[in-house]
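Comments concern the structure below.
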Amino acid sequence: MPRLLSAKVIFFFLLLAVLDGTVMPVFQIWGVYPSFLCLFICYAAFEWGGHKTVYVAFWAGLLRDFQGHGLIGLEAGLLAALALALDFLVRKMERGSRWIYFVITFLFVFFAGALRLLAGYTGELPVSMAWEYLGLVTMTALYTTAFLPLLYFVSNRWFGHSSAKQYELFP
């Protein structure tokens with residue numbers, strides 16, 4: 001588990017922000033594309049624990065805000081609040097089954113998009129358009145969740161995490 005203010009983590013954050021802002025829109029399907037920053041928040045929750053997840057979510061939200069995704073601080077606050085709920089779910093989940101990682105990631109991305117929709121367009125969006133946008137949020141959550149194994153593989157390589165357990169013979 002690296003320090004959050006290390007050069008490795010900061011560079012990885014910036015790399016994911018650049019990918020989210022420049023490369024991933026090229027791979028959009030029906031107007032939606034995945035968010036690697038949201039996936040990184042889930043990775044931090046699964047691998048690093050709750051206290052670091054909130055910081056990762058806040059900084060990822062600020063990076064998304066600076067990319068033009070809304071009012072400065074709105075997404076940072078939403079993602080930080082959702083990171084607390086994400087940490088609660090991760091602490092309660094069964095670590096043995098890998099499919100739960102996909103379910104929790106989908107739920108996190110879905111609620112992040114739905115809450116951003118509610119906070120950004122409250123009172124301005126007709127109900128018929130809200131259902132259409134909710135469909136786009138669902139597609140974004142599915143598309144983002146599909147990239148979870150790739151981000152896990154790259155993150156584990158980047159941060160030097162191996163899944164092999166090491167046992168000590170003498171404490």
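Just so we're on the same page: first chain in the structure tokens is A, next is B, and so on; residues restart at 1 for each chain, and ligands are numbered from 1 in the order they show up.
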
Per-residue DSSP, chain A, filtered to alpha helix (DSSP H), as number ranges by chain | A: 7-18, 36-47, 50-66, 74-92, 99-121, 127-146, 148-159

Any idea what's packed within 9 Å of A:Phe102, counting only C-alpha atoms, ignoring anything in its chain fewer than 5 positions away? Could you give it as an NGL selection string?
-> :A and (107 or 145-146 or 148)

With a distance cut-off of 10 Å and only C-alpha atoms, select the neighbouring residues of A:Val32, excluding the residue or stretch itself and same-chain residues fewer than 5 positions from it, and output the selection as a PyMOL selection string.
-> chain A and resi 24-25+27+136-144

Residue selection dump (N, CA, C and O atoms) as a PDB file, in the first residue's frame:
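This is the output file out_1.pdb:
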```pdb
ATOM      1  N   MET A  24     -10.335   7.998 -23.654  1.00  0.00           N
ATOM      2  CA  MET A  24     -11.567   7.229 -23.487  1.00  0.00           C
ATOM      3  C   MET A  24     -12.749   7.777 -24.291  1.00  0.00           C
ATOM      4  O   MET A  24     -13.573   6.987 -24.754  1.00  0.00           O
ATOM      5  N   PRO A  25     -12.879   9.102 -24.506  1.00  0.00           N
ATOM      6  CA  PRO A  25     -13.973   9.561 -25.364  1.00  0.00           C
ATOM      7  C   PRO A  25     -13.904   9.011 -26.794  1.00  0.00           C
ATOM      8  O   PRO A  25     -14.925   8.928 -27.474  1.00  0.00           O
ATOM      9  N   PHE A  27     -13.322   5.956 -27.460  1.00  0.00           N
ATOM     10  CA  PHE A  27     -13.911   4.624 -27.371  1.00  0.00           C
ATOM     11  C   PHE A  27     -15.357   4.647 -26.881  1.00  0.00           C
ATOM     12  O   PHE A  27     -15.843   3.656 -26.358  1.00  0.00           O
ATOM     13  N   LEU A 136     -28.322   6.361 -19.613  1.00  0.00           N
ATOM     14  CA  LEU A 136     -26.917   6.620 -19.948  1.00  0.00           C
ATOM     15  C   LEU A 136     -26.008   6.367 -18.755  1.00  0.00           C
ATOM     16  O   LEU A 136     -24.901   5.852 -18.901  1.00  0.00           O
ATOM     17  N   VAL A 137     -26.479   6.720 -17.560  1.00  0.00           N
ATOM     18  CA  VAL A 137     -25.704   6.458 -16.342  1.00  0.00           C
ATOM     19  C   VAL A 137     -25.533   4.956 -16.149  1.00  0.00           C
ATOM     20  O   VAL A 137     -24.449   4.477 -15.803  1.00  0.00           O
ATOM     21  N   THR A 138     -26.583   4.193 -16.404  1.00  0.00           N
ATOM     22  CA  THR A 138     -26.509   2.737 -16.280  1.00  0.00           C
ATOM     23  C   THR A 138     -25.522   2.160 -17.287  1.00  0.00           C
ATOM     24  O   THR A 138     -24.706   1.285 -16.946  1.00  0.00           O
ATOM     25  N   MET A 139     -25.577   2.638 -18.521  1.00  0.00           N
ATOM     26  CA  MET A 139     -24.634   2.163 -19.552  1.00  0.00           C
ATOM     27  C   MET A 139     -23.196   2.535 -19.179  1.00  0.00           C
ATOM     28  O   MET A 139     -22.282   1.735 -19.375  1.00  0.00           O
ATOM     29  N   THR A 140     -23.011   3.726 -18.642  1.00  0.00           N
ATOM     30  CA  THR A 140     -21.670   4.139 -18.213  1.00  0.00           C
ATOM     31  C   THR A 140     -21.162   3.238 -17.097  1.00  0.00           C
ATOM     32  O   THR A 140     -19.995   2.840 -17.085  1.00  0.00           O
ATOM     33  N   ALA A 141     -22.034   2.907 -16.150  1.00  0.00           N
ATOM     34  CA  ALA A 141     -21.635   2.024 -15.042  1.00  0.00           C
ATOM     35  C   ALA A 141     -21.260   0.642 -15.561  1.00  0.00           C
ATOM     36  O   ALA A 141     -20.270   0.053 -15.119  1.00  0.00           O
ATOM     37  N   LEU A 142     -22.031   0.118 -16.511  1.00  0.00           N
ATOM     38  CA  LEU A 142     -21.706  -1.191 -17.092  1.00  0.00           C
ATOM     39  C   LEU A 142     -20.382  -1.150 -17.847  1.00  0.00           C
ATOM     40  O   LEU A 142     -19.540  -2.050 -17.713  1.00  0.00           O
ATOM     41  N   TYR A 143     -20.207  -0.119 -18.657  1.00  0.00           N
ATOM     42  CA  TYR A 143     -18.999   0.021 -19.466  1.00  0.00           C
ATOM     43  C   TYR A 143     -17.766   0.199 -18.576  1.00  0.00           C
ATOM     44  O   TYR A 143     -16.705  -0.375 -18.817  1.00  0.00           O
ATOM     45  N   THR A 144     -17.910   0.988 -17.523  1.00  0.00           N
ATOM     46  CA  THR A 144     -16.791   1.209 -16.601  1.00  0.00           C
ATOM     47  C   THR A 144     -16.448  -0.073 -15.855  1.00  0.00           C
ATOM     48  O   THR A 144     -15.271  -0.426 -15.713  1.00  0.00           O
TER      49      THR A 144
END
```

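A straight line drawn from atom CA of A:Val109 to atom CA of A:Val54 is 15.0 Å long.
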
Nearby residues (only C-alpha atoms) at most 12 Å from A:Ala76, same-chain spacing under 5 positions excluded, as a PyMOL selection string = chain A and resi 37-38+41+54-66+69-71+81-83+112+115-116

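Considering only C-alpha atoms, the residue among A:Glu47, A:Leu74, A:Ser35, A:Val26 positioned nearest to A:Tyr101 is A:Glu47.
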
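Minimum atom-to-atom distance to A:Val90, evaluated using only C-alpha atoms, belongs to A:Cys42 out of A:Leu19, A:Ile10, A:Met129, A:Cys42.
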
Between A:Ala85, A:Gly50, A:Phe40, A:Leu14, which one has atoms that come closest to A:Val154, using only C-alpha atoms?
-> A:Phe40

Atom CA of A:Gly21 to atom CA of A:Leu134, straight-line distance in Å |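 Going from atom CA of A:Leu134 over to atom CA of A:Gly21 covers 21.6 Å.
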
Show which residues sit within 9 Å of A:Leu84, as a PyMOL selection string. Count only C-alpha atoms, and ignore same-chain residues fewer than 3 positions away.
-> chain A and resi 50-51+53-54+79-81+87-89

Have a look at A:Ala17, A:Leu151, A:Ala45, A:Ala7 and name the one nearest to A:Gly68; count only C-alpha atoms.
->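 Of the candidates, the smallest distance to A:Gly68 is held by A:Ala17.
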
What does the distance between atom CA of A:Phe108 and atom CA of A:Leu86 come to in Å, to one decimal place?
->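 Computed distance, atom CA of A:Phe108 to atom CA of A:Leu86, equals 6.9 Å.
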
Shortest interatomic distance to A:Trp48 - which of A:Ser97, A:Glu75, A:Trp131, A:Arg91, counting only C-alpha atoms | A:Arg91
